[in-house]
>>> print(open('run-v2.cif').read())   # mmCIF, C-alpha atoms
data_model
#
loop_
_atom_site.group_PDB
_atom_site.id
_atom_site.type_symbol
_atom_site.label_atom_id
_atom_site.label_comp_id
_atom_site.auth_asym_id
_atom_site.auth_seq_id
_atom_site.Cartn_x
_atom_site.Cartn_y
_atom_site.Cartn_z
ATOM 1 C CA LYS A 1 0.000 0.000 0.000
ATOM 2 C CA TYR A 2 2.778 2.456 0.899
ATOM 3 C CA GLY A 3 5.323 1.194 -1.622
ATOM 4 C CA LYS A 4 7.809 -0.112 0.922
ATOM 5 C CA LEU A 5 8.470 -2.906 3.364
ATOM 6 C CA ASP A 6 9.789 -2.091 6.844
ATOM 7 C CA ILE A 7 9.276 -5.312 8.795
ATOM 8 C CA LEU A 8 9.260 -8.979 7.850
ATOM 9 C CA ILE A 9 8.058 -11.577 10.345
ATOM 10 C CA CYS A 10 8.783 -15.139 9.259
ATOM 11 C CA ASN A 11 6.269 -17.128 11.284
ATOM 12 C CA VAL A 12 5.574 -20.428 9.631
ATOM 13 C CA GLY A 13 6.171 -23.881 10.919
ATOM 14 C CA GLY A 14 4.897 -27.185 12.050
ATOM 15 C CA GLY A 15 6.340 -30.019 14.041
ATOM 16 C CA THR A 16 4.296 -33.065 13.159
ATOM 17 C CA SER A 17 6.454 -35.853 11.838
ATOM 18 C CA LYS A 18 7.156 -39.469 12.657
ATOM 19 C CA PRO A 19 9.271 -40.531 15.665
ATOM 20 C CA HIS A 20 13.032 -40.912 15.235
ATOM 21 C CA GLY A 21 13.891 -43.929 13.148
ATOM 22 C CA LYS A 22 10.434 -44.048 11.567
ATOM 23 C CA GLU A 23 10.720 -40.918 9.423
ATOM 24 C CA SER A 24 11.369 -41.127 5.702
ATOM 25 C CA ILE A 25 13.470 -38.821 3.546
ATOM 26 C CA ASP A 26 10.185 -37.247 2.454
ATOM 27 C CA ASP A 27 9.350 -36.488 6.117
ATOM 28 C CA TRP A 28 12.726 -34.785 6.546
ATOM 29 C CA GLN A 29 12.247 -32.826 3.321
ATOM 30 C CA LYS A 30 8.786 -31.672 4.396
ATOM 31 C CA MET A 31 10.069 -30.439 7.780
ATOM 32 C CA TYR A 32 12.906 -28.512 6.092
ATOM 33 C CA GLU A 33 10.586 -26.977 3.510
ATOM 34 C CA ILE A 34 8.071 -25.834 6.131
ATOM 35 C CA ASN A 35 10.406 -24.801 8.940
ATOM 36 C CA PHE A 36 13.550 -23.614 7.173
ATOM 37 C CA LEU A 37 13.351 -23.119 3.419
ATOM 38 C CA SER A 38 10.129 -21.094 3.624
ATOM 39 C CA THR A 39 11.990 -18.588 5.802
ATOM 40 C CA ILE A 40 14.957 -18.333 3.442
ATOM 41 C CA ASN A 41 12.663 -17.871 0.445
ATOM 42 C CA MET A 42 10.746 -15.092 2.168
ATOM 43 C CA ILE A 43 13.917 -13.284 3.235
ATOM 44 C CA LYS A 44 15.483 -13.576 -0.224
ATOM 45 C CA TYR A 45 12.363 -12.125 -1.816
ATOM 46 C CA ALA A 46 12.034 -9.276 0.702
ATOM 47 C CA GLU A 47 15.727 -8.354 0.891
ATOM 48 C CA LYS A 48 15.698 -5.709 -1.854
ATOM 49 C CA TYR A 49 12.671 -3.997 -0.299
ATOM 50 C CA LEU A 50 14.030 -4.128 3.239
ATOM 51 C CA SER A 51 17.350 -2.655 2.135
ATOM 52 C CA LYS A 52 15.531 0.438 0.862
ATOM 53 C CA SER A 53 13.780 0.987 4.203
ATOM 54 C CA LYS A 54 16.630 -0.249 6.443
ATOM 55 C CA GLY A 55 14.145 -2.819 7.652
ATOM 56 C CA THR A 56 14.045 -5.517 10.262
ATOM 57 C CA ILE A 57 13.413 -9.254 10.115
ATOM 58 C CA VAL A 58 12.241 -11.469 12.967
ATOM 59 C CA CYS A 59 12.038 -15.225 12.481
ATOM 60 C CA ILE A 60 9.957 -17.362 14.782
ATOM 61 C CA SER A 61 12.013 -20.401 15.689
ATOM 62 C CA SER A 62 11.608 -22.771 18.645
ATOM 63 C CA ILE A 63 13.501 -23.918 21.699
ATOM 64 C CA ALA A 64 13.483 -27.291 19.923
ATOM 65 C CA GLY A 65 16.188 -25.807 17.668
ATOM 66 C CA ILE A 66 18.342 -25.033 20.707
ATOM 67 C CA ASP A 67 17.906 -28.018 23.010
ATOM 68 C CA ARG A 68 16.585 -31.588 22.733
ATOM 69 C CA ILE A 69 13.245 -31.176 24.470
ATOM 70 C CA GLY A 70 11.297 -34.083 23.040
ATOM 71 C CA ALA A 71 10.264 -32.583 19.709
ATOM 72 C CA THR A 72 10.788 -34.710 16.626
ATOM 73 C CA LEU A 73 14.305 -34.734 15.220
ATOM 74 C CA PRO A 74 13.401 -33.424 11.733
ATOM 75 C CA TYR A 75 11.557 -30.446 13.281
ATOM 76 C CA SER A 76 14.343 -29.724 15.781
ATOM 77 C CA THR A 77 17.014 -29.949 13.091
ATOM 78 C CA ALA A 78 15.128 -27.613 10.748
ATOM 79 C CA LYS A 79 14.718 -25.021 13.527
ATOM 80 C CA ALA A 80 18.415 -25.367 14.445
ATOM 81 C CA ALA A 81 19.242 -24.686 10.787
ATOM 82 C CA MET A 82 17.058 -21.568 10.904
ATOM 83 C CA ASN A 83 18.875 -20.354 14.003
ATOM 84 C CA MET A 84 22.256 -20.809 12.345
ATOM 85 C CA TYR A 85 20.985 -19.067 9.209
ATOM 86 C CA VAL A 86 19.849 -16.054 11.265
ATOM 87 C CA LYS A 87 23.250 -15.821 12.938
ATOM 88 C CA GLY A 88 25.164 -16.361 9.726
ATOM 89 C CA VAL A 89 23.196 -14.068 7.406
ATOM 90 C CA SER A 90 23.114 -11.200 9.921
ATOM 91 C CA LYS A 91 26.552 -9.890 8.911
ATOM 92 C CA TYR A 92 25.625 -9.869 5.237
ATOM 93 C CA LEU A 93 22.260 -8.198 5.850
ATOM 94 C CA ALA A 94 23.900 -5.609 8.115
ATOM 95 C CA THR A 95 25.846 -4.343 5.084
ATOM 96 C CA GLN A 96 22.415 -3.360 3.719
ATOM 97 C CA GLU A 97 21.343 -1.930 7.076
ATOM 98 C CA ILE A 98 18.878 -4.757 7.655
ATOM 99 C CA ARG A 99 18.669 -6.321 11.109
ATOM 100 C CA ILE A 100 17.624 -9.946 11.627
ATOM 101 C CA ASN A 101 16.888 -11.830 14.837
ATOM 102 C CA ALA A 102 14.885 -14.864 15.875
ATOM 103 C CA VAL A 103 12.581 -15.610 18.771
ATOM 104 C CA ALA A 104 12.656 -19.169 20.110
ATOM 105 C CA PRO A 105 9.421 -19.711 22.034
ATOM 106 C CA GLY A 106 8.846 -22.540 24.425
ATOM 107 C CA ASN A 107 5.412 -23.945 25.224
ATOM 108 C CA ILE A 108 2.809 -21.436 24.051
ATOM 109 C CA MET A 109 -0.892 -22.035 24.653
ATOM 110 C CA PHE A 110 -3.422 -20.816 22.113
ATOM 111 C CA ASP A 111 -6.602 -22.092 20.481
ATOM 112 C CA GLY A 112 -5.774 -24.947 18.153
ATOM 113 C CA SER A 113 -2.242 -25.450 19.477
ATOM 114 C CA VAL A 114 -0.617 -28.797 20.047
ATOM 115 C CA TRP A 115 -0.584 -27.913 23.761
ATOM 116 C CA GLU A 116 -4.330 -27.383 23.781
ATOM 117 C CA ARG A 117 -4.728 -30.874 22.327
ATOM 118 C CA LYS A 118 -2.260 -32.372 24.819
ATOM 119 C CA MET A 119 -4.089 -30.698 27.727
ATOM 120 C CA LYS A 120 -7.344 -32.289 26.583
ATOM 121 C CA ASP A 121 -5.714 -35.696 26.085
ATOM 122 C CA ASN A 122 -3.625 -35.878 29.260
ATOM 123 C CA PRO A 123 -3.826 -32.815 31.528
ATOM 124 C CA ASN A 124 -1.955 -34.483 34.409
ATOM 125 C CA ARG A 125 1.046 -35.256 32.203
ATOM 126 C CA VAL A 126 1.125 -31.687 30.847
ATOM 127 C CA ARG A 127 0.898 -30.192 34.339
ATOM 128 C CA LYS A 128 3.770 -32.452 35.399
ATOM 129 C CA ILE A 129 5.893 -31.236 32.450
ATOM 130 C CA LEU A 130 5.195 -27.613 33.364
ATOM 131 C CA ARG A 131 5.898 -28.216 37.052
ATOM 132 C CA GLU A 132 9.143 -30.145 36.492
ATOM 133 C CA GLU A 133 10.614 -28.606 33.336
ATOM 134 C CA VAL A 134 9.488 -24.957 33.153
ATOM 135 C CA SER A 135 10.817 -22.613 35.829
ATOM 136 C CA LEU A 136 7.738 -20.355 35.681
ATOM 137 C CA LYS A 137 5.517 -23.478 35.759
ATOM 138 C CA ARG A 138 3.102 -22.233 33.110
ATOM 139 C CA PHE A 139 2.523 -21.832 29.408
ATOM 140 C CA GLY A 140 3.509 -18.703 27.582
ATOM 141 C CA THR A 141 0.973 -16.659 25.660
ATOM 142 C CA PRO A 142 0.945 -15.403 22.079
ATOM 143 C CA GLU A 143 0.842 -11.871 23.525
ATOM 144 C CA GLU A 144 4.134 -12.440 25.358
ATOM 145 C CA ILE A 145 5.803 -13.597 22.151
ATOM 146 C CA GLY A 146 4.204 -10.708 20.253
ATOM 147 C CA ASN A 147 5.579 -8.222 22.772
ATOM 148 C CA LEU A 148 9.082 -9.619 22.296
ATOM 149 C CA VAL A 149 8.728 -9.433 18.515
ATOM 150 C CA GLY A 150 7.459 -5.850 18.872
ATOM 151 C CA PHE A 151 10.568 -4.984 20.861
ATOM 152 C CA LEU A 152 12.865 -6.579 18.272
ATOM 153 C CA VAL A 153 11.341 -4.661 15.353
ATOM 154 C CA SER A 154 11.351 -1.352 17.227
ATOM 155 C CA PRO A 155 14.136 1.249 17.267
ATOM 156 C CA VAL A 156 14.698 0.419 20.952
ATOM 157 C CA SER A 157 16.535 -2.733 19.821
ATOM 158 C CA SER A 158 18.528 -1.041 17.049
ATOM 159 C CA PHE A 159 21.847 -2.502 18.261
ATOM 160 C CA ILE A 160 20.627 -6.120 18.250
ATOM 161 C CA THR A 161 21.135 -8.372 15.243
ATOM 162 C CA GLY A 162 21.969 -12.028 14.643
ATOM 163 C CA GLN A 163 20.523 -13.128 17.977
ATOM 164 C CA ILE A 164 18.246 -15.979 18.967
ATOM 165 C CA ILE A 165 16.131 -14.776 21.895
ATOM 166 C CA ILE A 166 14.666 -17.571 24.021
ATOM 167 C CA ALA A 167 11.207 -16.989 25.517
ATOM 168 C CA ASP A 168 10.335 -20.213 27.323
ATOM 169 C CA GLY A 169 9.637 -19.483 30.980
ATOM 170 C CA GLY A 170 12.995 -20.933 31.960
ATOM 171 C CA GLN A 171 12.723 -24.354 30.332
ATOM 172 C CA VAL A 172 16.024 -24.404 28.442
ATOM 173 C CA ARG A 173 18.951 -24.392 30.827
#
>>> encode(input="run-v2.cif", output="structure tokens")
Amino acid sequence: KYGKLDILICNVGGGTSKPHGKESIDDWQKMYEINFLSTINMIKYAEKYLSKSKGTIVCISSIAGIDRIGATLPYSTAKAAMNMYVKGVSKYLATQEIRINAVAPGNIMFDGSVWERKMKDNPNRVRKILREEVSLKRFGTPEEIGNLVGFLVSPVSSFITGQIIIADGGQVR
């Protein structure tokens, strides 16, 4: 509408794949396409527009790309690749005055989430996970992640680039 692009949020992903040892090459490919290559494609397309506006990119990753937390291996590996891409491409993008960072959320509760389904299926197990593995002993909210993204795209964070910011209530140690 305004002829420019200031902010790009890469927020696509999914973690459903078969357990380790049961996944096929096609399962791995699907996880990489959804969780990694879609981000690279978006950034490559937007780069020329963001360089004109000195824009900012925030990628939504996952703590599964930082630590083995029980997510499937193809998903975790694809998110780890995204994290390394963000770190690695940040120097190149900085030459165009584009900042890039990633947010790695932990367990976020929202309508339709995998955690909503798990709470319905086995609430005692989920409460035990929160109690034993998450320092704050609760789920995060989309608003909390949105606030962090808002900070990262704002001028207040103008000296931050190439970082993976964990927002998980203290789960990853």
>>> resolve_selection(input="run-v2.cif", expression="the PyMOL selection byres ((chain A and resi 75-79) around 10)", output="count of residues only")
38
>>> resolve_selection(input="run-v2.cif", expression="the PyMOL selection byres ((chain A and resi 100) around 6)", output="PDB file with C-alpha atoms, in the coordinates of the input")
ATOM      1  CA  THR A  56      14.045  -5.517  10.262  1.00  0.00           C
ATOM      2  CA  ILE A  57      13.413  -9.254  10.115  1.00  0.00           C
ATOM      3  CA  VAL A  58      12.241 -11.469  12.967  1.00  0.00           C
ATOM      4  CA  SER A  90      23.114 -11.200   9.921  1.00  0.00           C
ATOM      5  CA  ARG A  99      18.669  -6.321  11.109  1.00  0.00           C
ATOM      6  CA  ASN A 101      16.888 -11.830  14.837  1.00  0.00           C
ATOM      7  CA  THR A 161      21.135  -8.372  15.243  1.00  0.00           C
ATOM      8  CA  GLY A 162      21.969 -12.028  14.643  1.00  0.00           C
TER       9      GLY A 162
END
>>> atom_distance(input="run-v2.cif", atom1="atom CA of A:Asp121", atom2="atom CA of A:Val12")
25.1 Å
>>> residues_around(input="run-v2.cif", residues="stretch 3-7 of chain A", least_positions_apart="3", cutoff="7 Å", atoms="all atoms listed in the file", output="ChimeraX atom specification")
/A:49-50,53,55-57,153
>>> residues_around(input="run-v2.cif", residues="A:Gly170", least_positions_apart="2", cutoff="6 Å", atoms="all atoms listed in the file", output="list in words")
Val134, Ser135, Asp168 and Val172 of chain A
>>> residues_near_point(input="run-v2.cif", point="(2.7, -27.0, 35.8)", cutoff="6 Å", atoms="all atoms listed in the file", output="MDAnalysis selection string")
chainID A and resid 127:128 130:131 137:138
>>> atom_distance(input="run-v2.cif", atom1="atom CA of A:Gly106", atom2="atom CA of A:Lys54")
29.7 Å
>>> atom_distance(input="run-v2.cif", atom1="atom CA of A:Ala167", atom2="atom CA of A:Glu23")
28.8 Å
>>> closest_residue(input="run-v2.cif", among="A:Leu93, A:Cys10, A:Thr141, A:Val86", to="A:Trp115", atoms="only C-alpha atoms")
A:Thr141
>>> closest_residue(input="run-v2.cif", among="A:Gln96, A:Pro142, A:Asp26, A:Leu136", to="A:Asp111", atoms="only C-alpha atoms")
A:Pro142
>>> closest_residue(input="run-v2.cif", among="A:Ile166, A:Leu8, A:Ile98, A:Ile108", to="A:Tyr45", atoms="only C-alpha atoms")
A:Leu8
>>> closest_residue(input="run-v2.cif", among="A:Glu144, A:Asn122, A:Val103, A:Gly21", to="A:Ile9", atoms="only C-alpha atoms")
A:Val103
>>> closest_residue(input="run-v2.cif", among="A:Ile40, A:Ile145, A:Ile25, A:Ala94", to="A:Phe110", atoms="all atoms listed in the file")
A:Ile145
>>> axis_aligned_box(input="run-v2.cif", around="stretch 27-35 of chain A", padding_each_side="5 Å", output="AutoDock Vina command-line options")
--center_x 10.5 --center_y -30.6 --center_z 6.1 --size_x 14.8 --size_y 21.7 --size_z 15.6
>>> decode(input="run-v2.cif", residues="stretch 134-145 of chain A", atoms="all heavy atoms", output="PDB file, in the first residue's frame")
ATOM      1  N   VAL A 134       9.590 -26.387  33.454  1.00  0.00           N
ATOM      2  CA  VAL A 134       9.488 -24.957  33.153  1.00  0.00           C
ATOM      3  C   VAL A 134       9.574 -24.172  34.463  1.00  0.00           C
ATOM      4  O   VAL A 134       8.724 -24.325  35.332  1.00  0.00           O
ATOM      5  CB  VAL A 134       8.164 -24.637  32.404  1.00  0.00           C
ATOM      6  CG1 VAL A 134       8.073 -23.152  32.087  1.00  0.00           C
ATOM      7  CG2 VAL A 134       8.040 -25.484  31.136  1.00  0.00           C
ATOM      8  N   SER A 135      10.599 -23.347  34.578  1.00  0.00           N
ATOM      9  CA  SER A 135      10.817 -22.613  35.829  1.00  0.00           C
ATOM     10  C   SER A 135       9.592 -21.814  36.262  1.00  0.00           C
ATOM     11  O   SER A 135       9.254 -21.791  37.447  1.00  0.00           O
ATOM     12  CB  SER A 135      12.016 -21.667  35.693  1.00  0.00           C
ATOM     13  OG  SER A 135      13.185 -22.414  35.465  1.00  0.00           O
ATOM     14  N   LEU A 136       8.918 -21.150  35.331  1.00  0.00           N
ATOM     15  CA  LEU A 136       7.738 -20.355  35.681  1.00  0.00           C
ATOM     16  C   LEU A 136       6.480 -21.206  35.846  1.00  0.00           C
ATOM     17  O   LEU A 136       5.429 -20.689  36.217  1.00  0.00           O
ATOM     18  CB  LEU A 136       7.500 -19.258  34.639  1.00  0.00           C
ATOM     19  CG  LEU A 136       8.572 -18.169  34.592  1.00  0.00           C
ATOM     20  CD1 LEU A 136       8.254 -17.139  33.508  1.00  0.00           C
ATOM     21  CD2 LEU A 136       8.742 -17.490  35.941  1.00  0.00           C
ATOM     22  N   LYS A 137       6.579 -22.494  35.523  1.00  0.00           N
ATOM     23  CA  LYS A 137       5.517 -23.478  35.759  1.00  0.00           C
ATOM     24  C   LYS A 137       4.200 -23.145  35.066  1.00  0.00           C
ATOM     25  O   LYS A 137       3.110 -23.414  35.582  1.00  0.00           O
ATOM     26  CB  LYS A 137       5.297 -23.693  37.249  1.00  0.00           C
ATOM     27  CG  LYS A 137       6.557 -24.165  37.949  1.00  0.00           C
ATOM     28  CD  LYS A 137       6.350 -24.467  39.383  1.00  0.00           C
ATOM     29  CE  LYS A 137       7.602 -24.848  40.123  1.00  0.00           C
ATOM     30  NZ  LYS A 137       8.682 -25.461  39.452  1.00  0.00           N
ATOM     31  N   ARG A 138       4.309 -22.578  33.860  1.00  0.00           N
ATOM     32  CA  ARG A 138       3.102 -22.233  33.110  1.00  0.00           C
ATOM     33  C   ARG A 138       3.430 -22.159  31.624  1.00  0.00           C
ATOM     34  O   ARG A 138       4.585 -22.168  31.221  1.00  0.00           O
ATOM     35  CB  ARG A 138       2.524 -20.896  33.574  1.00  0.00           C
ATOM     36  CG  ARG A 138       3.420 -19.688  33.256  1.00  0.00           C
ATOM     37  CD  ARG A 138       2.734 -18.384  33.640  1.00  0.00           C
ATOM     38  NE  ARG A 138       3.542 -17.227  33.392  1.00  0.00           N
ATOM     39  CZ  ARG A 138       3.629 -16.572  32.236  1.00  0.00           C
ATOM     40  NH1 ARG A 138       2.967 -16.990  31.185  1.00  0.00           N
ATOM     41  NH2 ARG A 138       4.375 -15.488  32.127  1.00  0.00           N
ATOM     42  N   PHE A 139       2.373 -22.078  30.833  1.00  0.00           N
ATOM     43  CA  PHE A 139       2.523 -21.832  29.408  1.00  0.00           C
ATOM     44  C   PHE A 139       2.784 -20.359  29.159  1.00  0.00           C
ATOM     45  O   PHE A 139       2.365 -19.503  29.954  1.00  0.00           O
ATOM     46  CB  PHE A 139       1.233 -22.202  28.657  1.00  0.00           C
ATOM     47  CG  PHE A 139       0.974 -23.672  28.579  1.00  0.00           C
ATOM     48  CD1 PHE A 139      -0.022 -24.252  29.331  1.00  0.00           C
ATOM     49  CD2 PHE A 139       1.725 -24.477  27.734  1.00  0.00           C
ATOM     50  CE1 PHE A 139      -0.278 -25.609  29.259  1.00  0.00           C
ATOM     51  CE2 PHE A 139       1.480 -25.836  27.645  1.00  0.00           C
ATOM     52  CZ  PHE A 139       0.482 -26.404  28.405  1.00  0.00           C
ATOM     53  N   GLY A 140       3.421 -20.073  28.053  1.00  0.00           N
ATOM     54  CA  GLY A 140       3.509 -18.703  27.582  1.00  0.00           C
ATOM     55  C   GLY A 140       2.273 -18.375  26.769  1.00  0.00           C
ATOM     56  O   GLY A 140       1.481 -19.263  26.433  1.00  0.00           O
ATOM     57  N   THR A 141       2.121 -17.103  26.453  1.00  0.00           N
ATOM     58  CA  THR A 141       0.973 -16.659  25.660  1.00  0.00           C
ATOM     59  C   THR A 141       1.449 -16.056  24.338  1.00  0.00           C
ATOM     60  O   THR A 141       2.580 -15.567  24.244  1.00  0.00           O
ATOM     61  CB  THR A 141       0.159 -15.591  26.409  1.00  0.00           C
ATOM     62  OG1 THR A 141       0.951 -14.393  26.518  1.00  0.00           O
ATOM     63  CG2 THR A 141      -0.267 -16.075  27.794  1.00  0.00           C
ATOM     64  N   PRO A 142       0.588 -16.071  23.332  1.00  0.00           N
ATOM     65  CA  PRO A 142       0.945 -15.403  22.079  1.00  0.00           C
ATOM     66  C   PRO A 142       1.271 -13.918  22.290  1.00  0.00           C
ATOM     67  O   PRO A 142       2.157 -13.375  21.624  1.00  0.00           O
ATOM     68  CB  PRO A 142      -0.305 -15.569  21.212  1.00  0.00           C
ATOM     69  CG  PRO A 142      -0.975 -16.791  21.747  1.00  0.00           C
ATOM     70  CD  PRO A 142      -0.698 -16.765  23.234  1.00  0.00           C
ATOM     71  N   GLU A 143       0.587 -13.290  23.248  1.00  0.00           N
ATOM     72  CA  GLU A 143       0.842 -11.871  23.525  1.00  0.00           C
ATOM     73  C   GLU A 143       2.269 -11.654  24.025  1.00  0.00           C
ATOM     74  O   GLU A 143       2.911 -10.659  23.675  1.00  0.00           O
ATOM     75  CB  GLU A 143      -0.174 -11.324  24.531  1.00  0.00           C
ATOM     76  CG  GLU A 143      -1.603 -11.262  24.024  1.00  0.00           C
ATOM     77  CD  GLU A 143      -2.324 -12.614  24.022  1.00  0.00           C
ATOM     78  OE1 GLU A 143      -1.855 -13.584  24.653  1.00  0.00           O
ATOM     79  OE2 GLU A 143      -3.380 -12.695  23.351  1.00  0.00           O
ATOM     80  N   GLU A 144       2.758 -12.568  24.853  1.00  0.00           N
ATOM     81  CA  GLU A 144       4.134 -12.440  25.358  1.00  0.00           C
ATOM     82  C   GLU A 144       5.147 -12.558  24.228  1.00  0.00           C
ATOM     83  O   GLU A 144       6.126 -11.804  24.176  1.00  0.00           O
ATOM     84  CB  GLU A 144       4.396 -13.482  26.441  1.00  0.00           C
ATOM     85  CG  GLU A 144       3.656 -13.176  27.726  1.00  0.00           C
ATOM     86  CD  GLU A 144       3.665 -14.302  28.727  1.00  0.00           C
ATOM     87  OE1 GLU A 144       3.503 -15.472  28.336  1.00  0.00           O
ATOM     88  OE2 GLU A 144       3.835 -13.992  29.927  1.00  0.00           O
ATOM     89  N   ILE A 145       4.908 -13.463  23.299  1.00  0.00           N
ATOM     90  CA  ILE A 145       5.803 -13.597  22.151  1.00  0.00           C
ATOM     91  C   ILE A 145       5.661 -12.366  21.253  1.00  0.00           C
ATOM     92  O   ILE A 145       6.650 -11.816  20.776  1.00  0.00           O
ATOM     93  CB  ILE A 145       5.522 -14.896  21.374  1.00  0.00           C
ATOM     94  CG1 ILE A 145       5.679 -16.112  22.291  1.00  0.00           C
ATOM     95  CG2 ILE A 145       6.415 -15.001  20.142  1.00  0.00           C
ATOM     96  CD1 ILE A 145       7.010 -16.225  23.017  1.00  0.00           C
TER      97      ILE A 145
END
